[in-house]
Amino acid sequence: MSALSVRLVTRSGELFSGHAGFVSLPTTEGSIGIMAGHQPLLATIGKGQVKVGKKENDPDAQVFEVVPGFVSVDQDQVTIIVDGL
């Protein structure tokens, strides 16, 4: 099974770096889910929850409350940059 390489970064530093099977986040166009093989994407993030887990609806997913920023997805690399928590 392919995995995503995920980084969540704020002004004060890196909050998360690791591998996941699924990431969900709030964009300004609505919530999206990202899994391995996702098409390249650059989107604006709105205020809400970023969830990083092994699968969709993972009860053990790590959850981060974030404020606006952006997300970049390219070749199973997910980089999330937000102004803060």
# chains A, B, ... in the order shown; residues from 1 in each chain; ligands from 1

$ residues_around --residues "Ser17 (chain A)" --least-positions-apart "2" --cutoff "9 Å" --atoms "only C-alpha atoms" --output "ChimeraX atom specification"
/A:5-9,14-15,19

$ write_last_selection --atoms "N, CA and C atoms" --output "CSV table (one decimal), in the first residue's frame"
chain,number,residue,atom,x,y,z
A,5,SER,N,3.6,11.1,2.2
A,5,SER,CA,4.6,11.8,3.0
A,5,SER,C,3.9,13.2,3.4
A,6,VAL,N,3.7,13.4,4.7
A,6,VAL,CA,2.9,14.6,5.1
A,6,VAL,C,3.8,15.5,6.0
A,7,ARG,N,3.7,16.8,5.7
A,7,ARG,CA,4.4,17.8,6.6
A,7,ARG,C,3.3,18.9,6.9
A,8,LEU,N,3.2,19.2,8.1
A,8,LEU,CA,2.3,20.3,8.6
A,8,LEU,C,3.2,21.3,9.3
A,9,VAL,N,3.3,22.5,8.7
A,9,VAL,CA,4.2,23.6,9.2
A,9,VAL,C,3.4,24.9,9.5
A,14,GLU,N,7.6,23.1,12.6
A,14,GLU,CA,6.9,21.9,12.1
A,14,GLU,C,6.1,21.2,13.2
A,15,LEU,N,4.9,21.0,12.9
A,15,LEU,CA,4.0,20.3,13.9
A,15,LEU,C,3.9,18.8,13.6
A,19,HIS,N,4.3,9.7,7.7
A,19,HIS,CA,3.6,9.0,6.7
A,19,HIS,C,2.1,8.8,7.1

$ residues_around --residues "region 22-35 of chain A" --least-positions-apart "2" --cutoff "9 Å" --atoms "only C-alpha atoms" --output "MDAnalysis selection string"
chainID A and resid 2:4 6 20 37:38 43:58 68 70:71 73 76 78

$ select_by_dssp --residues "region 5-36 of chain A" --states "strand (DSSP E)" --output "ChimeraX atom specification"
/A:5-10,13-20,22-27,30-35

$ write_last_selection --atoms "N, CA, C and O atoms" --output "compact mmCIF listing (two decimals), in the first residue's frame"
# COMPACT_ATOMS: atom_id res chain seq x y z
N SER A 5 3.58 11.14 2.16
CA SER A 5 4.55 11.80 3.03
C SER A 5 3.95 13.16 3.37
O SER A 5 3.68 13.96 2.47
N VAL A 6 3.68 13.40 4.65
CA VAL A 6 2.93 14.58 5.08
C VAL A 6 3.77 15.48 5.97
O VAL A 6 4.44 14.99 6.90
N ARG A 7 3.73 16.79 5.69
CA ARG A 7 4.35 17.79 6.56
C ARG A 7 3.33 18.87 6.85
O ARG A 7 2.67 19.37 5.94
N LEU A 8 3.20 19.23 8.14
CA LEU A 8 2.33 20.32 8.57
C LEU A 8 3.22 21.34 9.26
O LEU A 8 3.87 21.03 10.26
N VAL A 9 3.25 22.54 8.69
CA VAL A 9 4.18 23.58 9.16
C VAL A 9 3.43 24.86 9.49
O VAL A 9 2.51 25.26 8.77
N THR A 10 3.83 25.51 10.61
CA THR A 10 3.31 26.83 10.96
C THR A 10 4.48 27.79 11.04
O THR A 10 5.64 27.40 10.88
N GLY A 13 7.12 26.61 13.45
CA GLY A 13 7.86 25.38 13.20
C GLY A 13 6.99 24.25 12.70
O GLY A 13 5.79 24.39 12.49
N GLU A 14 7.63 23.10 12.55
CA GLU A 14 6.95 21.91 12.05
C GLU A 14 6.14 21.23 13.15
O GLU A 14 6.67 20.93 14.21
N LEU A 15 4.85 20.99 12.88
CA LEU A 15 3.98 20.33 13.86
C LEU A 15 3.88 18.84 13.62
O LEU A 15 3.69 18.06 14.54
N PHE A 16 3.98 18.44 12.36
CA PHE A 16 3.87 17.02 12.03
C PHE A 16 4.71 16.72 10.80
O PHE A 16 4.72 17.49 9.85
N SER A 17 5.38 15.60 10.85
CA SER A 17 6.11 15.10 9.70
C SER A 17 6.06 13.59 9.79
O SER A 17 6.47 13.01 10.79
N GLY A 18 5.52 12.95 8.77
CA GLY A 18 5.44 11.49 8.80
C GLY A 18 4.65 10.96 7.63
O GLY A 18 4.34 11.68 6.68
N HIS A 19 4.30 9.69 7.72
CA HIS A 19 3.56 9.03 6.66
C HIS A 19 2.12 8.78 7.08
O HIS A 19 1.84 8.58 8.26
N ALA A 20 1.22 8.81 6.11
CA ALA A 20 -0.19 8.59 6.38
C ALA A 20 -0.83 7.96 5.16
O ALA A 20 -0.29 8.03 4.04
N PHE A 22 -4.19 8.75 4.65
CA PHE A 22 -5.29 9.66 4.34
C PHE A 22 -5.11 10.98 5.08
O PHE A 22 -4.72 11.00 6.24
N VAL A 23 -5.40 12.07 4.39
CA VAL A 23 -5.39 13.41 4.98
C VAL A 23 -6.69 14.09 4.57
O VAL A 23 -7.08 14.04 3.40
N SER A 24 -7.38 14.71 5.52
CA SER A 24 -8.53 15.53 5.18
C SER A 24 -8.29 16.93 5.70
O SER A 24 -7.63 17.11 6.74
N LEU A 25 -8.80 17.90 4.96
CA LEU A 25 -8.57 19.29 5.36
C LEU A 25 -9.63 20.19 4.76
O LEU A 25 -10.27 19.86 3.77
N PRO A 26 -9.80 21.38 5.39
CA PRO A 26 -10.81 22.33 4.91
C PRO A 26 -10.21 23.32 3.91
O PRO A 26 -9.36 24.12 4.26
N THR A 27 -10.62 23.24 2.66
CA THR A 27 -10.18 24.26 1.71
C THR A 27 -11.25 25.36 1.66
O THR A 27 -12.34 25.18 2.19
N GLY A 30 -14.34 23.91 0.14
CA GLY A 30 -14.98 22.78 0.81
C GLY A 30 -13.95 21.79 1.30
O GLY A 30 -12.76 21.90 0.99
N SER A 31 -14.38 20.81 2.05
CA SER A 31 -13.47 19.81 2.61
C SER A 31 -13.02 18.84 1.52
O SER A 31 -13.80 18.48 0.63
N ILE A 32 -11.74 18.42 1.60
CA ILE A 32 -11.23 17.44 0.66
C ILE A 32 -10.48 16.34 1.41
O ILE A 32 -10.00 16.54 2.51
N GLY A 33 -10.41 15.19 0.79
CA GLY A 33 -9.63 14.08 1.30
C GLY A 33 -8.54 13.75 0.29
O GLY A 33 -8.77 13.81 -0.92
N ILE A 34 -7.38 13.41 0.80
CA ILE A 34 -6.24 13.12 -0.06
C ILE A 34 -5.71 11.73 0.29
O ILE A 34 -5.48 11.43 1.47
N MET A 35 -5.55 10.90 -0.73
CA MET A 35 -4.98 9.57 -0.56
C MET A 35 -3.83 9.43 -1.56
O MET A 35 -3.67 10.27 -2.46

$ residues_around --residues "Pro40 (chain A)" --least-positions-apart "5" --cutoff "8 Å" --atoms "only C-alpha atoms" --output "list in words"
Ser72, Val73, Asp74 and Gln75 of chain A

$ atom_distance --atom1 "CA of Glu65 (chain A)" --atom2 "CA of Ser12 (chain A)"
15.0 Å

$ decode --residues "region 61-76 of chain A" --atoms "all heavy atoms" --output "mmCIF file, in the first residue's frame"
data_model
loop_
_atom_site.group_PDB
_atom_site.id
_atom_site.type_symbol
_atom_site.label_atom_id
_atom_site.label_comp_id
_atom_site.auth_asym_id
_atom_site.auth_seq_id
_atom_site.Cartn_x
_atom_site.Cartn_y
_atom_site.Cartn_z
ATOM 1 N N ALA A 61 -6.754 9.023 14.163
ATOM 2 C CA ALA A 61 -6.126 10.085 13.369
ATOM 3 C C ALA A 61 -5.690 11.236 14.269
ATOM 4 O O ALA A 61 -6.339 11.543 15.273
ATOM 5 C CB ALA A 61 -7.096 10.596 12.311
ATOM 6 N N GLN A 62 -4.592 11.860 13.888
ATOM 7 C CA GLN A 62 -4.156 13.066 14.586
ATOM 8 C C GLN A 62 -4.966 14.234 14.010
ATOM 9 O O GLN A 62 -5.128 14.338 12.792
ATOM 10 C CB GLN A 62 -2.670 13.302 14.390
ATOM 11 C CG GLN A 62 -1.832 12.238 15.078
ATOM 12 C CD GLN A 62 -0.367 12.620 15.092
ATOM 13 O OE1 GLN A 62 -0.013 13.782 15.306
ATOM 14 N NE2 GLN A 62 0.488 11.650 14.880
ATOM 15 N N VAL A 63 -5.447 15.093 14.885
ATOM 16 C CA VAL A 63 -6.298 16.212 14.469
ATOM 17 C C VAL A 63 -5.640 17.521 14.895
ATOM 18 O O VAL A 63 -5.213 17.673 16.037
ATOM 19 C CB VAL A 63 -7.708 16.098 15.100
ATOM 20 C CG1 VAL A 63 -8.570 17.276 14.687
ATOM 21 C CG2 VAL A 63 -8.356 14.768 14.722
ATOM 22 N N PHE A 64 -5.579 18.455 13.960
ATOM 23 C CA PHE A 64 -4.995 19.766 14.217
ATOM 24 C C PHE A 64 -6.017 20.827 13.827
ATOM 25 O O PHE A 64 -6.536 20.812 12.713
ATOM 26 C CB PHE A 64 -3.727 19.970 13.378
ATOM 27 C CG PHE A 64 -2.677 18.919 13.580
ATOM 28 C CD1 PHE A 64 -2.643 17.785 12.778
ATOM 29 C CD2 PHE A 64 -1.723 19.048 14.576
ATOM 30 C CE1 PHE A 64 -1.676 16.816 12.951
ATOM 31 C CE2 PHE A 64 -0.755 18.080 14.760
ATOM 32 C CZ PHE A 64 -0.731 16.963 13.950
ATOM 33 N N GLU A 65 -6.334 21.743 14.741
ATOM 34 C CA GLU A 65 -7.194 22.891 14.446
ATOM 35 C C GLU A 65 -6.294 23.957 13.824
ATOM 36 O O GLU A 65 -5.322 24.383 14.453
ATOM 37 C CB GLU A 65 -7.841 23.431 15.718
ATOM 38 C CG GLU A 65 -8.884 22.524 16.309
ATOM 39 C CD GLU A 65 -10.188 22.498 15.517
ATOM 40 O OE1 GLU A 65 -10.484 23.455 14.772
ATOM 41 O OE2 GLU A 65 -10.909 21.500 15.660
ATOM 42 N N VAL A 66 -6.611 24.374 12.606
ATOM 43 C CA VAL A 66 -5.736 25.314 11.912
ATOM 44 C C VAL A 66 -6.494 26.557 11.465
ATOM 45 O O VAL A 66 -7.716 26.567 11.386
ATOM 46 C CB VAL A 66 -5.081 24.645 10.677
ATOM 47 C CG1 VAL A 66 -4.215 23.477 11.093
ATOM 48 C CG2 VAL A 66 -6.116 24.218 9.652
ATOM 49 N N VAL A 67 -5.722 27.589 11.169
ATOM 50 C CA VAL A 67 -6.241 28.808 10.558
ATOM 51 C C VAL A 67 -5.769 28.812 9.104
ATOM 52 O O VAL A 67 -5.003 27.934 8.703
ATOM 53 C CB VAL A 67 -5.771 30.061 11.326
ATOM 54 C CG1 VAL A 67 -6.344 30.063 12.735
ATOM 55 C CG2 VAL A 67 -4.268 30.171 11.371
ATOM 56 N N PRO A 68 -6.200 29.769 8.294
ATOM 57 C CA PRO A 68 -5.902 29.718 6.867
ATOM 58 C C PRO A 68 -4.430 29.547 6.501
ATOM 59 O O PRO A 68 -3.525 29.940 7.238
ATOM 60 C CB PRO A 68 -6.436 31.060 6.358
ATOM 61 C CG PRO A 68 -7.568 31.365 7.273
ATOM 62 C CD PRO A 68 -7.080 30.896 8.623
ATOM 63 N N GLY A 69 -4.254 28.953 5.330
ATOM 64 C CA GLY A 69 -2.933 28.705 4.771
ATOM 65 C C GLY A 69 -3.102 28.081 3.402
ATOM 66 O O GLY A 69 -4.043 28.394 2.686
ATOM 67 N N PHE A 70 -2.196 27.152 3.042
ATOM 68 C CA PHE A 70 -2.374 26.467 1.768
ATOM 69 C C PHE A 70 -1.813 25.055 1.847
ATOM 70 O O PHE A 70 -1.066 24.698 2.760
ATOM 71 C CB PHE A 70 -1.755 27.254 0.604
ATOM 72 C CG PHE A 70 -0.250 27.266 0.581
ATOM 73 C CD1 PHE A 70 0.459 26.291 -0.098
ATOM 74 C CD2 PHE A 70 0.452 28.260 1.230
ATOM 75 C CE1 PHE A 70 1.843 26.305 -0.119
ATOM 76 C CE2 PHE A 70 1.840 28.286 1.219
ATOM 77 C CZ PHE A 70 2.535 27.296 0.530
ATOM 78 N N VAL A 71 -2.210 24.224 0.881
ATOM 79 C CA VAL A 71 -1.752 22.847 0.784
ATOM 80 C C VAL A 71 -1.224 22.610 -0.628
ATOM 81 O O VAL A 71 -1.773 23.118 -1.603
ATOM 82 C CB VAL A 71 -2.867 21.828 1.116
ATOM 83 C CG1 VAL A 71 -4.046 21.968 0.173
ATOM 84 C CG2 VAL A 71 -2.336 20.398 1.103
ATOM 85 N N SER A 72 -0.146 21.854 -0.694
ATOM 86 C CA SER A 72 0.424 21.445 -1.971
ATOM 87 C C SER A 72 0.511 19.920 -1.971
ATOM 88 O O SER A 72 0.992 19.324 -0.997
ATOM 89 C CB SER A 72 1.826 22.050 -2.135
ATOM 90 O OG SER A 72 2.488 21.463 -3.236
ATOM 91 N N VAL A 73 0.033 19.300 -3.041
ATOM 92 C CA VAL A 73 0.115 17.848 -3.194
ATOM 93 C C VAL A 73 0.811 17.570 -4.516
ATOM 94 O O VAL A 73 0.400 18.084 -5.561
ATOM 95 C CB VAL A 73 -1.285 17.191 -3.214
ATOM 96 C CG1 VAL A 73 -1.157 15.686 -3.381
ATOM 97 C CG2 VAL A 73 -2.068 17.547 -1.971
ATOM 98 N N ASP A 74 1.874 16.750 -4.472
ATOM 99 C CA ASP A 74 2.587 16.382 -5.689
ATOM 100 C C ASP A 74 3.344 15.091 -5.441
ATOM 101 O O ASP A 74 4.162 15.019 -4.510
ATOM 102 C CB ASP A 74 3.533 17.498 -6.117
ATOM 103 C CG ASP A 74 4.085 17.292 -7.513
ATOM 104 O OD1 ASP A 74 3.452 16.584 -8.321
ATOM 105 O OD2 ASP A 74 5.169 17.837 -7.801
ATOM 106 N N GLN A 75 3.059 14.078 -6.224
ATOM 107 C CA GLN A 75 3.730 12.781 -6.150
ATOM 108 C C GLN A 75 3.726 12.216 -4.730
ATOM 109 O O GLN A 75 4.773 11.845 -4.191
ATOM 110 C CB GLN A 75 5.149 12.882 -6.696
ATOM 111 C CG GLN A 75 5.176 13.248 -8.153
ATOM 112 C CD GLN A 75 6.571 13.314 -8.718
ATOM 113 O OE1 GLN A 75 7.565 13.191 -8.014
ATOM 114 N NE2 GLN A 75 6.672 13.528 -10.007
ATOM 115 N N ASP A 76 2.551 12.165 -4.128
ATOM 116 C CA ASP A 76 2.341 11.622 -2.772
ATOM 117 C C ASP A 76 3.069 12.395 -1.673
ATOM 118 O O ASP A 76 3.269 11.887 -0.577
ATOM 119 C CB ASP A 76 2.683 10.135 -2.717
ATOM 120 C CG ASP A 76 1.733 9.296 -3.550
ATOM 121 O OD1 ASP A 76 0.609 9.758 -3.810
ATOM 122 O OD2 ASP A 76 2.105 8.176 -3.942
#
